[in-house]
>>> print(open('start-v8.txt').read())   # compact mmCIF, C-alpha atoms
# COMPACT_ATOMS: atom_id res chain seq x y z
CA MET L 1 25.93 -22.60 -4.00
CA ASN L 2 23.04 -21.18 -1.98
CA ALA L 3 19.44 -22.40 -2.09
CA ARG L 4 18.29 -19.42 -4.21
CA ALA L 5 20.88 -20.13 -6.91
CA LYS L 6 20.04 -23.85 -6.96
CA SER L 7 16.32 -23.09 -7.32
CA ALA L 8 17.00 -20.58 -10.12
CA LEU L 9 19.25 -23.05 -11.95
CA LEU L 10 16.65 -25.82 -11.75
CA THR L 11 14.00 -23.45 -13.11
CA LEU L 12 16.15 -22.40 -16.05
CA ILE L 13 17.12 -25.98 -16.91
CA VAL L 14 13.46 -27.04 -16.99
CA GLY L 15 12.70 -24.05 -19.24
CA LEU L 16 15.66 -24.94 -21.47
CA ILE L 17 14.31 -28.46 -22.05
CA PHE L 18 10.86 -27.15 -22.98
CA ASN L 19 12.22 -24.46 -25.31
CA VAL L 20 14.52 -26.86 -27.17
CA ALA L 21 11.67 -29.34 -27.66
CA LEU L 22 9.28 -26.64 -28.87
CA GLY L 23 11.86 -24.94 -31.07
CA VAL L 24 12.96 -28.11 -32.89
CA THR L 25 9.36 -29.30 -33.37
CA LYS L 26 8.15 -25.98 -34.79
CA LEU L 27 11.26 -25.62 -36.93
CA VAL L 28 10.57 -28.96 -38.63
CA VAL L 29 6.87 -28.16 -39.04
CA GLY L 30 7.65 -24.67 -40.36
CA ILE L 31 10.01 -26.06 -43.00
CA LEU L 32 7.58 -28.81 -44.05
CA ALA L 33 4.68 -26.34 -44.31
CA ASP L 34 6.89 -23.64 -45.88
CA SER L 35 5.51 -21.11 -43.35
CA THR L 36 7.65 -18.13 -42.40
CA SER L 37 5.43 -17.34 -39.40
CA VAL L 38 5.80 -20.85 -37.92
CA PHE L 39 9.52 -20.80 -38.77
CA SER L 40 9.82 -17.39 -37.06
CA ASP L 41 8.03 -18.73 -34.00
CA ALA L 42 10.48 -21.65 -33.93
CA MET L 43 13.45 -19.29 -34.09
CA ASN L 44 11.97 -17.38 -31.19
CA ASN L 45 11.89 -20.58 -29.10
CA LEU L 46 15.41 -21.58 -30.13
CA SER L 47 16.73 -18.14 -29.21
CA ASP L 48 15.12 -18.61 -25.80
CA SER L 49 17.03 -21.90 -25.52
CA ALA L 50 20.34 -20.22 -26.30
CA VAL L 51 19.59 -17.52 -23.74
CA SER L 52 18.67 -20.17 -21.15
CA VAL L 53 22.12 -21.73 -21.56
CA VAL L 54 23.77 -18.35 -20.99
CA SER L 55 21.49 -17.69 -18.03
CA VAL L 56 22.33 -21.04 -16.40
CA VAL L 57 26.04 -20.23 -16.62
CA ALA L 58 25.47 -16.70 -15.31
CA ILE L 59 23.37 -17.86 -12.34
CA ALA L 60 26.10 -20.35 -11.42
CA LEU L 61 28.76 -17.63 -11.63
CA SER L 62 26.65 -15.11 -9.69
CA ALA L 63 26.38 -17.56 -6.78
CA ARG L 64 30.15 -17.51 -6.23
CA ALA L 65 31.22 -16.07 -2.89
CA ALA L 66 32.92 -12.68 -2.57
CA ASP L 67 36.69 -12.68 -2.95
CA HIS L 68 39.58 -10.24 -2.76
CA ASP L 69 39.00 -8.82 -6.24
CA HIS L 70 35.18 -8.81 -5.91
CA PRO L 71 34.38 -7.87 -2.30
CA TYR L 72 30.69 -7.37 -3.13
CA GLY L 73 30.26 -10.77 -4.74
CA HIS L 74 29.46 -11.75 -8.33
CA GLY L 75 25.72 -11.05 -8.42
CA ARG L 76 25.92 -8.80 -11.47
CA TYR L 77 26.70 -11.78 -13.68
CA GLU L 78 22.94 -12.32 -13.63
CA TYR L 79 22.38 -8.81 -15.00
CA VAL L 80 24.93 -9.46 -17.74
CA ALA L 81 23.01 -12.62 -18.67
CA THR L 82 19.77 -10.68 -18.81
CA PHE L 83 21.45 -8.12 -21.10
CA ILE L 84 22.60 -10.93 -23.41
CA LEU L 85 19.05 -12.30 -23.33
CA GLY L 86 17.70 -8.96 -24.53
CA ALA L 87 20.36 -8.58 -27.22
CA VAL L 88 19.79 -12.09 -28.61
CA ILE L 89 16.02 -11.67 -28.64
CA GLY L 90 16.46 -8.33 -30.43
CA ALA L 91 18.68 -9.95 -33.09
CA VAL L 92 16.11 -12.71 -33.61
CA GLY L 93 13.38 -10.07 -33.92
CA ILE L 94 15.28 -8.28 -36.68
CA GLU L 95 15.84 -11.55 -38.55
CA VAL L 96 12.17 -12.49 -38.24
CA LEU L 97 11.13 -9.02 -39.44
CA SER L 98 13.36 -9.35 -42.50
CA GLY L 99 11.88 -12.76 -43.40
CA GLY L 100 8.35 -11.49 -42.85
CA ILE L 101 8.81 -8.50 -45.13
CA GLU L 102 10.27 -10.72 -47.83
CA ARG L 103 7.33 -13.14 -47.63
CA ALA L 104 4.81 -10.26 -47.59
CA ILE L 105 6.34 -8.86 -50.80
CA THR L 106 6.45 -12.27 -52.53
CA PRO L 107 3.66 -14.33 -50.92
CA LYS L 108 3.48 -18.13 -51.25
CA PRO L 109 0.75 -20.57 -50.29
CA VAL L 110 1.32 -22.35 -46.98
CA ASP L 111 0.66 -26.06 -46.53
CA VAL L 112 -1.60 -25.76 -43.51
CA GLY L 113 -2.56 -29.18 -42.18
CA VAL L 114 -3.40 -30.99 -38.98
CA LEU L 115 0.30 -31.19 -38.03
CA VAL L 116 0.64 -27.39 -38.06
CA PHE L 117 -2.50 -26.87 -35.98
CA ALA L 118 -1.53 -29.57 -33.49
CA THR L 119 1.98 -28.22 -33.09
CA LEU L 120 0.88 -24.63 -32.56
CA GLY L 121 -1.92 -25.65 -30.18
CA ALA L 122 0.45 -27.76 -28.07
CA SER L 123 2.97 -24.92 -28.09
CA ILE L 124 0.42 -22.46 -26.69
CA GLY L 125 -0.40 -24.83 -23.84
CA VAL L 126 3.24 -25.49 -23.00
CA LYS L 127 4.15 -21.80 -23.11
CA ALA L 128 1.22 -20.89 -20.88
CA PHE L 129 2.41 -23.49 -18.37
CA MET L 130 5.98 -22.16 -18.58
CA ALA L 131 4.81 -18.59 -17.99
CA VAL L 132 3.03 -19.60 -14.77
CA PHE L 133 6.01 -21.74 -13.74
CA TYR L 134 8.47 -18.89 -14.31
CA PHE L 135 6.29 -16.31 -12.55
CA VAL L 136 5.99 -18.49 -9.43
CA ARG L 137 9.68 -19.42 -9.35
CA GLY L 138 10.76 -15.87 -10.18
CA ALA L 139 8.80 -14.52 -7.22
CA ARG L 140 10.40 -17.08 -4.92
CA THR L 141 13.98 -16.59 -6.09
CA LYS L 142 13.71 -12.85 -6.78
CA SER L 143 15.63 -13.45 -10.00
CA GLY L 144 15.36 -10.77 -12.67
CA THR L 145 16.42 -13.31 -15.30
CA ILE L 146 13.58 -15.70 -14.42
CA LYS L 147 11.07 -12.86 -14.22
CA ALA L 148 12.15 -11.79 -17.71
CA ALA L 149 11.71 -15.39 -18.90
CA ALA L 150 8.18 -15.37 -17.46
CA VAL L 151 7.25 -12.30 -19.49
CA ASP L 152 8.95 -13.84 -22.53
CA SER L 153 6.88 -17.04 -22.20
CA THR L 154 3.69 -14.99 -21.88
CA SER L 155 4.51 -13.07 -25.05
CA ASP L 156 5.45 -16.34 -26.79
CA ALA L 157 2.04 -17.82 -25.98
CA ALA L 158 0.34 -14.71 -27.33
CA VAL L 159 2.49 -14.70 -30.46
CA THR L 160 1.87 -18.38 -31.17
CA THR L 161 -1.85 -17.81 -30.69
CA ALA L 162 -1.70 -15.03 -33.28
CA VAL L 163 0.18 -17.30 -35.68
CA LEU L 164 -2.42 -20.04 -35.20
CA VAL L 165 -5.25 -17.60 -35.91
CA CYS L 166 -3.47 -16.46 -39.07
CA MET L 167 -3.02 -20.07 -40.19
CA ILE L 168 -6.74 -20.69 -39.75
CA ILE L 169 -7.62 -17.54 -41.70
CA GLU L 170 -5.21 -18.44 -44.51
CA LYS L 171 -6.50 -22.01 -44.75
CA TYR L 172 -10.18 -21.07 -44.98
CA THR L 173 -9.98 -17.78 -46.90
CA GLY L 174 -6.94 -18.28 -49.12
CA ALA L 175 -5.55 -14.87 -48.08
CA PHE L 176 -1.75 -14.66 -48.11
CA ILE L 177 -1.12 -13.31 -44.59
CA ASP L 178 1.76 -15.57 -43.55
CA GLY L 179 4.32 -12.80 -44.08
CA TYR L 180 2.25 -10.23 -42.20
CA ALA L 181 1.87 -12.66 -39.30
CA SER L 182 5.63 -13.03 -39.23
CA ILE L 183 6.04 -9.24 -39.16
CA ALA L 184 3.60 -9.05 -36.23
CA VAL L 185 5.62 -11.71 -34.41
CA SER L 186 8.82 -9.72 -34.98
CA VAL L 187 7.27 -6.52 -33.58
CA VAL L 188 6.32 -8.31 -30.36
CA ILE L 189 9.81 -9.81 -30.08
CA LEU L 190 11.51 -6.44 -30.63
CA ILE L 191 9.30 -4.65 -28.08
CA PHE L 192 10.06 -7.34 -25.51
CA ALA L 193 13.80 -7.12 -26.23
CA ALA L 194 13.75 -3.34 -25.82
CA ARG L 195 11.98 -3.63 -22.46
CA ILE L 196 14.54 -6.12 -21.18
CA LEU L 197 17.50 -4.02 -22.32
CA LYS L 198 16.09 -0.84 -20.83
CA ASN L 199 15.51 -2.48 -17.45
CA VAL L 200 18.87 -4.22 -17.18
CA MET L 201 20.85 -1.21 -18.46
CA GLY L 202 19.31 0.83 -15.68
CA ARG L 203 20.62 -1.69 -13.16
CA LEU L 204 24.08 -1.94 -14.70
CA LEU L 205 24.38 1.86 -14.88
CA GLY L 206 23.16 2.35 -11.31
CA GLY L 207 19.53 3.31 -11.76
CA ARG L 208 17.10 4.06 -8.95
CA PRO L 209 16.13 0.93 -6.97
CA GLU L 210 12.57 -0.37 -6.87
CA PRO L 211 10.23 2.07 -5.06
CA GLU L 212 8.97 -0.81 -2.89
CA LEU L 213 12.48 -1.45 -1.54
CA ILE L 214 13.09 2.25 -0.86
CA ASP L 215 9.76 2.55 0.94
CA LYS L 216 10.46 -0.53 3.04
CA VAL L 217 13.89 0.72 4.17
CA ASN L 218 12.52 4.21 4.88
CA GLY L 219 9.64 2.69 6.82
CA ILE L 220 12.03 0.79 9.08
CA LEU L 221 14.09 3.94 9.68
CA ALA L 222 10.95 5.97 10.42
CA SER L 223 10.01 3.47 13.13
CA SER L 224 12.94 4.63 15.27
CA ALA L 225 11.86 6.38 18.46
CA LEU L 226 15.15 8.28 18.66
CA ALA L 227 15.82 9.44 15.10
CA LYS L 228 14.03 12.57 13.88
CA SER L 229 14.37 11.96 10.13
CA SER L 230 16.46 10.34 7.41
CA HIS L 231 17.83 11.51 4.08
CA ASP L 232 20.28 10.70 1.29
CA LEU L 233 19.43 7.00 1.11
CA VAL L 234 21.64 5.40 -1.54
CA ILE L 235 21.27 1.74 -2.48
CA ASN L 236 24.01 0.22 -4.63
CA ASP L 237 22.91 -2.88 -6.53
CA TYR L 238 25.50 -5.67 -6.80
CA GLY L 239 22.93 -8.39 -7.52
CA GLU L 240 19.51 -9.48 -6.32
CA MET L 241 20.93 -10.75 -3.04
CA GLN L 242 23.73 -8.23 -2.58
CA LYS L 243 22.64 -4.64 -2.08
CA ILE L 244 24.85 -2.18 -0.19
CA ALA L 245 23.24 1.00 1.13
CA GLU L 246 24.01 4.11 3.13
CA VAL L 247 21.80 6.75 4.68
CA ASP L 248 21.99 9.85 6.87
CA LEU L 249 19.90 9.65 10.03
CA VAL L 250 19.20 12.76 12.11
CA PHE L 251 19.37 12.44 15.92
CA PRO L 252 18.90 15.10 18.60
CA ALA L 253 22.31 16.49 19.52
CA SER L 254 21.44 15.95 23.20
CA LEU L 255 21.71 12.15 22.83
CA SER L 256 24.96 10.48 23.89
CA PHE L 257 27.29 8.85 21.39
CA VAL L 258 26.58 5.46 22.97
CA GLU L 259 22.81 5.86 22.51
CA VAL L 260 23.14 6.93 18.89
CA HIS L 261 25.57 4.11 18.07
CA ALA L 262 23.32 1.48 19.65
CA GLU L 263 20.28 2.73 17.72
CA CYS L 264 22.22 2.76 14.43
CA ASP L 265 23.35 -0.83 15.01
CA ARG L 266 19.79 -1.91 15.82
CA LEU L 267 18.37 -0.30 12.69
CA GLU L 268 21.10 -1.72 10.45
CA ARG L 269 20.37 -5.24 11.71
CA LEU L 270 16.62 -4.72 11.29
CA VAL L 271 16.99 -3.51 7.70
CA GLU L 272 19.19 -6.46 6.77
CA GLU L 273 16.82 -8.96 8.37
CA GLN L 274 13.72 -7.58 6.63
CA THR L 275 15.13 -6.54 3.24
CA GLY L 276 18.52 -8.20 2.80
CA VAL L 277 20.11 -4.76 2.32
CA HIS L 278 23.44 -4.18 4.04
CA LEU L 279 22.95 -0.66 5.43
CA SER L 280 25.51 1.76 6.86
CA ILE L 281 24.11 4.72 8.83
CA HIS L 282 25.74 8.11 9.14
CA ALA L 283 24.41 10.03 12.14
CA ASP L 284 23.68 13.77 11.79
CA PRO L 285 23.15 15.92 14.91
CA PHE L 286 20.00 18.01 15.15
CA ILE L 287 20.94 21.19 17.02
CA THR L 288 18.13 22.78 19.01
CA ASP L 289 20.01 25.47 20.94
CA ASP L 290 20.54 27.73 17.89
CA GLU L 291 17.28 29.63 17.42
CA ARG L 292 18.29 30.81 13.95
CA LEU L 293 18.88 27.27 12.72
CA VAL L 294 15.60 26.02 14.19
CA ALA L 295 13.71 28.93 12.59
CA ILE L 296 15.31 28.30 9.18
CA CYS L 297 14.47 24.58 9.30
CA ASP L 298 10.87 25.28 10.29
CA LYS L 299 10.36 27.81 7.49
CA LEU L 300 11.96 25.54 4.88
CA SER L 301 9.85 22.58 5.95
CA GLU L 302 6.64 24.59 5.62
CA ALA L 303 7.58 26.26 2.32
CA LEU L 304 8.83 23.13 0.53
CA LYS L 305 6.23 20.57 1.56
CA VAL L 306 3.82 21.78 -1.14
CA PHE L 307 6.37 20.57 -3.73
CA GLY L 308 7.05 17.30 -1.94
CA ALA L 309 10.62 18.50 -1.38
CA THR L 310 12.60 18.51 1.87
CA ALA L 311 15.62 20.38 3.20
CA HIS L 312 18.41 18.77 5.21
CA ASP L 313 22.03 19.24 6.28
CA VAL L 314 21.29 22.89 7.05
CA GLY L 315 24.36 24.61 8.44
CA ILE L 316 25.29 28.20 9.34
CA ASP L 317 28.87 29.39 8.78
CA ASP L 318 29.12 32.68 10.68
CA CYS L 319 32.71 33.25 9.55
CA SER L 320 31.87 33.16 5.84
CA LYS L 321 28.31 34.40 6.47
CA ILE L 322 26.86 31.56 4.41
CA VAL L 323 23.94 29.22 5.03
CA GLU L 324 24.46 25.91 3.26
CA LEU L 325 21.80 23.25 2.78
CA ASP L 326 20.67 20.32 0.65
CA ILE L 327 17.23 19.98 -0.93
CA SER L 328 15.79 16.60 -1.88
CA LEU L 329 13.46 16.77 -4.89
CA PRO L 330 10.71 14.15 -5.32
CA ASP L 331 11.32 13.60 -9.05
CA ASP L 332 12.77 15.17 -12.19
CA LYS L 333 9.50 17.02 -12.85
CA ALA L 334 9.81 19.18 -9.75
CA PRO L 335 10.62 22.85 -10.60
CA ALA L 336 14.12 22.79 -9.17
CA GLU L 337 15.02 26.43 -9.83
CA GLU L 338 11.74 27.71 -8.40
CA ILE L 339 12.18 25.58 -5.29
CA LYS L 340 15.73 26.81 -4.79
CA ALA L 341 14.61 30.44 -5.15
CA ILE L 342 11.86 29.93 -2.56
CA ALA L 343 14.28 28.23 -0.18
CA GLU L 344 16.80 31.04 -0.53
CA ALA L 345 14.11 33.65 0.15
CA GLU L 346 12.95 31.79 3.27
CA VAL L 347 16.49 31.58 4.62
CA ARG L 348 17.14 35.30 4.04
CA GLN L 349 14.01 36.18 6.01
CA VAL L 350 15.67 34.67 9.08
CA LEU L 351 19.32 35.47 8.37
CA PRO L 352 20.73 37.91 5.77
CA TYR L 353 23.57 35.61 4.75
CA GLY L 354 24.56 34.15 1.41
CA VAL L 355 22.81 30.88 0.60
CA LYS L 356 24.42 27.84 -1.04
CA ILE L 357 21.95 25.13 -2.08
CA HIS L 358 22.70 21.62 -3.31
CA THR L 359 19.95 19.48 -4.84
CA ASP L 360 19.57 15.73 -4.88
CA TYR L 361 16.92 13.21 -5.85
>>> encode(input="start-v8.txt", output="C-alpha cells")
Amino acid sequence: MNARAKSALLTLIVGLIFNVALGVTKLVVGILADSTSVFSDAMNNLSDSAVSVVSVVAIALSARAADHDHPYGHGRYEYVATFILGAVIGAVGIEVLSGGIERAITPKPVDVGVLVFATLGASIGVKAFMAVFYFVRGARTKSGTIKAAAVDSTSDAAVTTAVLVCMIIEKYTGAFIDGYASIAVSVVILIFAARILKNVMGRLLGGRPEPELIDKVNGILASSALAKSSHDLVINDYGEMQKIAEVDLVFPASLSFVEVHAECDRLERLVEEQTGVHLSIHADPFITDDERLVAICDKLSEALKVFGATAHDVGIDDCSKIVELDISLPDDKAPAEEIKAIAEAEVRQVLPYGVKIHTDY
C-alpha cells in the first residue's frame, strides 16, 4: 500500500472514531430529550460513520496494484465509495425529513436541559475540528472521498449550530420549532448528498477533468520549442493517482522523425513528473509547402478566434475534392452551427471544394 493510501486510511479511521462517538452521544441525548432535531443530527453522524467504514474498505481496495484484468489499477473503488456515501446521506436526509414533517404536524414539548446544550456545543467544536482536519488531509492525499468528508463535516457543524439555536429559542419562548429544525437539517443533508452524487457520477461516466489539470498539461505542452500547437487532449480518469491521457501535437513537417520522437518522449516524462498523468502523444505534421493549406489555416484561425474556437487536422483531398477539418469549441454555449458555416465559407474562399467539418469540445 502506498503512502497516499495509508494517509487516507488513517484520516478516515480518525473520522470514524469521532463520528461514532458523536452519533451515539447525540442519539442517547435525543431520545432522553424526545427531540427529533437532535435525533436527526445523531442519525446524520451515524450515517457518516457507516460511510467511513465503506470508505476505509474502498481506499484499501483502490490501493491494490494493477493486474491482468485491471491494467489501469483499482483507483475507481474510491469513486464507488464516494457514490455510496452520497446515496446513504441522501437516504438519511429523506428519513430525517419524514420525521421532521411528522413532528411539525404533531408538535411535542422538548426536554431541553444542560445535557442537550453541552452535547450540541461539544459536537459543534468537534465537527469544526474534523472539517479542518479533513480539508488539510484531503489536500495532501488528493482524495475525493476525504474532500467530500470535509464538506460534510462543515455542513454538520452548521446544522448542529442551527439545531442548538432552535433549542435555545424553544426553551425560552415555548415555540414548538423542533420539527421545523429537523426539516431544515434534512434539506441541508439532501443538498449535500445531491452535490456528492453529481460530482462522482460525472467521474464514473467520464466527465471533463478539472480545468486546473487541463491547463497544467496544456501549459507544459505549450512550453515546447518544437511543437506548434496541441489539440484533442483526452484525460481518462481511473482514480486520483491513475490518469491516462492522449493528445495530438503538431510539429513542422521539416523535422526528422528522431527529433519529433525525442521531443514527444521528453514532454511525456515532464507531464508525468509534474501532474502524475500518463500521457501518450500523437504527432501531426504541419505542412508548409502547400500554399492552399497554409492560406486555409490562416483564414480559419483569424475567423474563429472571436468565438474562442480553433481548427485543426485540416486536410485537402484533391481526388474527392473535399477539405476536411476538426473544430474545437470552447464550451456547449458556443454557436456550433454558426461557427461551422463561417468556417465553411472561409475554406471556400481559398478552395472551391466540398467541406466536411467535425466538432469536438
>>> atom_distance(input="start-v8.txt", atom1="atom CA of Thr36 of chain L", atom2="atom CA of Tyr134 of chain L")
28.1 Å
>>> atom_distance(input="start-v8.txt", atom1="atom CA of Ile168 of chain L", atom2="atom CA of Gly121 of chain L")
11.8 Å
>>> atom_distance(input="start-v8.txt", atom1="atom CA of Ile17 of chain L", atom2="atom CA of Val54 of chain L")
13.9 Å
>>> closest_residue(input="start-v8.txt", among="L:Met130, L:Ala118, L:Val159, L:Gly315", to="Leu16 of chain L", atoms="all atoms listed in the file")
L:Met130
>>> closest_residue(input="start-v8.txt", among="L:Leu27, L:Met43, L:Gly90, L:Leu213", to="Gln274 of chain L", atoms="all atoms listed in the file")
L:Leu213
>>> residues_around(input="start-v8.txt", residues="Val277 of chain L", least_positions_apart="6", cutoff="10 Å", atoms="only C-alpha atoms", output="list in words")
Leu213, Val217, Ile235, Asn236, Asp237, Glu240, Met241, Gln242, Lys243, Ile244, Ala245, Glu246, Glu268, Arg269, Leu270 and Val271 of chain L
>>> closest_residue(input="start-v8.txt", among="L:Val187, L:Val355, L:Ile281, L:Ile177", to="Glu95 of chain L", atoms="only C-alpha atoms")
L:Val187
>>> closest_residue(input="start-v8.txt", among="L:Leu205, L:Ile296, L:Val247, L:Lys305", to="His278 of chain L", atoms="all atoms listed in the file")
L:Val247
>>> residues_around(input="start-v8.txt", residues="Glu212 of chain L", least_positions_apart="6", cutoff="12 Å", atoms="only C-alpha atoms", output="mmCIF file with C-alpha atoms, in the frame of the given file")
data_model
loop_
_atom_site.group_PDB
_atom_site.id
_atom_site.type_symbol
_atom_site.label_atom_id
_atom_site.label_comp_id
_atom_site.auth_asym_id
_atom_site.auth_seq_id
_atom_site.Cartn_x
_atom_site.Cartn_y
_atom_site.Cartn_z
ATOM 1 C CA ASN L 218 12.520 4.210 4.880
ATOM 2 C CA GLY L 219 9.640 2.690 6.820
ATOM 3 C CA THR L 275 15.130 -6.540 3.240
#
>>> closest_atom_pairs(input="start-v8.txt", of="segment 42-86 of chain L", to="segment 188-198 of chain L", cutoff="9 Å", atoms="all atoms listed in the file", output="CSV")
residue,atom,partner,partner_atom,distance
L:Asn44,CA,L:Ile189,CA,8.0
L:Thr82,CA,L:Ile196,CA,7.3
L:Phe83,CA,L:Leu197,CA,5.8
L:Ile84,CA,L:Leu197,CA,8.7
L:Leu85,CA,L:Ala193,CA,7.9
L:Gly86,CA,L:Ala193,CA,4.6
>>> write_last_selection(input="start-v8.txt", atoms="C-alpha atoms", output="PDB file, in the frame of the given file")
ATOM      1  CA  ASN L  44      11.970 -17.380 -31.190  1.00  0.00           C
ATOM      2  CA  THR L  82      19.770 -10.680 -18.810  1.00  0.00           C
ATOM      3  CA  PHE L  83      21.450  -8.120 -21.100  1.00  0.00           C
ATOM      4  CA  ILE L  84      22.600 -10.930 -23.410  1.00  0.00           C
ATOM      5  CA  LEU L  85      19.050 -12.300 -23.330  1.00  0.00           C
ATOM      6  CA  GLY L  86      17.700  -8.960 -24.530  1.00  0.00           C
TER       7      GLY L  86
END
>>> closest_residue(input="start-v8.txt", among="L:Glu259, L:Lys228, L:Arg208, L:Gly99", to="Asp331 of chain L", atoms="only C-alpha atoms")
L:Arg208
>>> closest_residue(input="start-v8.txt", among="L:Asp34, L:Glu210, L:Glu337, L:Asp48", to="Gly113 of chain L", atoms="only C-alpha atoms")
L:Asp34
>>> residues_around(input="start-v8.txt", residues="Tyr79 of chain L", least_positions_apart="4", cutoff="9 Å", atoms="all atoms listed in the file", output="list in words")
Ala58, Gly75, Phe83, Ile84, Gly144, Thr145, Val200, Met201, Arg203, Leu204 and Gly239 of chain L
>>> residues_around(input="start-v8.txt", residues="Glu346 of chain L", least_positions_apart="5", cutoff="9 Å", atoms="only C-alpha atoms", output="list in words")
Ile296, Lys299, Leu300, Ala303, Ala341 and Leu351 of chain L
>>> write_last_selection(input="start-v8.txt", atoms="C-alpha atoms", output="PDB file, keeping the file's coordinate frame")
ATOM      1  CA  ILE L 296      15.310  28.300   9.180  1.00  0.00           C
ATOM      2  CA  LYS L 299      10.360  27.810   7.490  1.00  0.00           C
ATOM      3  CA  LEU L 300      11.960  25.540   4.880  1.00  0.00           C
ATOM      4  CA  ALA L 303       7.580  26.260   2.320  1.00  0.00           C
ATOM      5  CA  ALA L 341      14.610  30.440  -5.150  1.00  0.00           C
ATOM      6  CA  LEU L 351      19.320  35.470   8.370  1.00  0.00           C
TER       7      LEU L 351
END
>>> residues_near_point(input="start-v8.txt", point="(22.2, 1.2, 11.0)", cutoff="6 Å", atoms="all atoms listed in the file", output="VMD selection string")
chain L and resid 264 to 265 267 to 268 279 to 281
>>> residues_around(input="start-v8.txt", residues="Ser143 of chain L", least_positions_apart="6", cutoff="12 Å", atoms="only C-alpha atoms", output="PyMOL selection string")
chain L and resi 4-9+11-12+55-56+58-59+62-63+75-79+81-82+134-137+149-150+239-241
>>> decode(input="start-v8.txt", residues="segment 64-77 of chain L", atoms="N, CA, C and O atoms", output="compact mmCIF listing (two decimals), in the first residue's frame")
# COMPACT_ATOMS: atom_id res chain seq x y z
N ARG L 64 -4.71 -1.28 -4.41
CA ARG L 64 -4.17 -2.51 -5.00
C ARG L 64 -3.51 -2.21 -6.33
O ARG L 64 -3.97 -1.37 -7.10
N ALA L 65 -2.44 -2.93 -6.61
CA ALA L 65 -1.69 -2.71 -7.85
C ALA L 65 -2.49 -3.21 -9.05
O ALA L 65 -3.44 -3.99 -8.92
N ALA L 66 -2.11 -2.72 -10.23
CA ALA L 66 -2.75 -3.17 -11.47
C ALA L 66 -2.50 -4.65 -11.67
O ALA L 66 -1.48 -5.19 -11.23
N ASP L 67 -3.43 -5.33 -12.31
CA ASP L 67 -3.25 -6.75 -12.61
C ASP L 67 -3.73 -7.01 -14.04
O ASP L 67 -4.07 -6.09 -14.78
N HIS L 68 -3.77 -8.28 -14.40
CA HIS L 68 -4.12 -8.64 -15.78
C HIS L 68 -5.53 -8.19 -16.14
O HIS L 68 -5.78 -7.71 -17.26
N ASP L 69 -6.47 -8.34 -15.23
CA ASP L 69 -7.86 -7.97 -15.51
C ASP L 69 -8.12 -6.48 -15.33
O ASP L 69 -9.11 -5.95 -15.83
N HIS L 70 -7.24 -5.78 -14.59
CA HIS L 70 -7.40 -4.35 -14.34
C HIS L 70 -6.08 -3.64 -14.61
O HIS L 70 -5.38 -3.24 -13.67
N PRO L 71 -5.72 -3.51 -15.88
CA PRO L 71 -4.40 -2.94 -16.23
C PRO L 71 -4.23 -1.48 -15.81
O PRO L 71 -3.09 -1.00 -15.76
N TYR L 72 -5.32 -0.78 -15.51
CA TYR L 72 -5.22 0.62 -15.09
C TYR L 72 -5.39 0.78 -13.58
O TYR L 72 -5.63 1.88 -13.10
N GLY L 73 -5.28 -0.32 -12.85
CA GLY L 73 -5.38 -0.25 -11.41
C GLY L 73 -6.82 -0.33 -10.90
O GLY L 73 -7.75 -0.62 -11.65
N HIS L 74 -6.99 -0.04 -9.62
CA HIS L 74 -8.30 -0.18 -8.95
C HIS L 74 -8.75 1.14 -8.33
O HIS L 74 -9.55 1.16 -7.39
N GLY L 75 -8.24 2.25 -8.84
CA GLY L 75 -8.50 3.57 -8.25
C GLY L 75 -9.96 3.97 -8.20
O GLY L 75 -10.37 4.77 -7.35
N ARG L 76 -10.78 3.41 -9.10
CA ARG L 76 -12.19 3.82 -9.12
C ARG L 76 -13.01 3.25 -7.98
O ARG L 76 -14.16 3.64 -7.79
N TYR L 77 -12.42 2.34 -7.20
CA TYR L 77 -13.11 1.89 -5.99
C TYR L 77 -13.42 3.09 -5.10
O TYR L 77 -14.45 3.15 -4.43
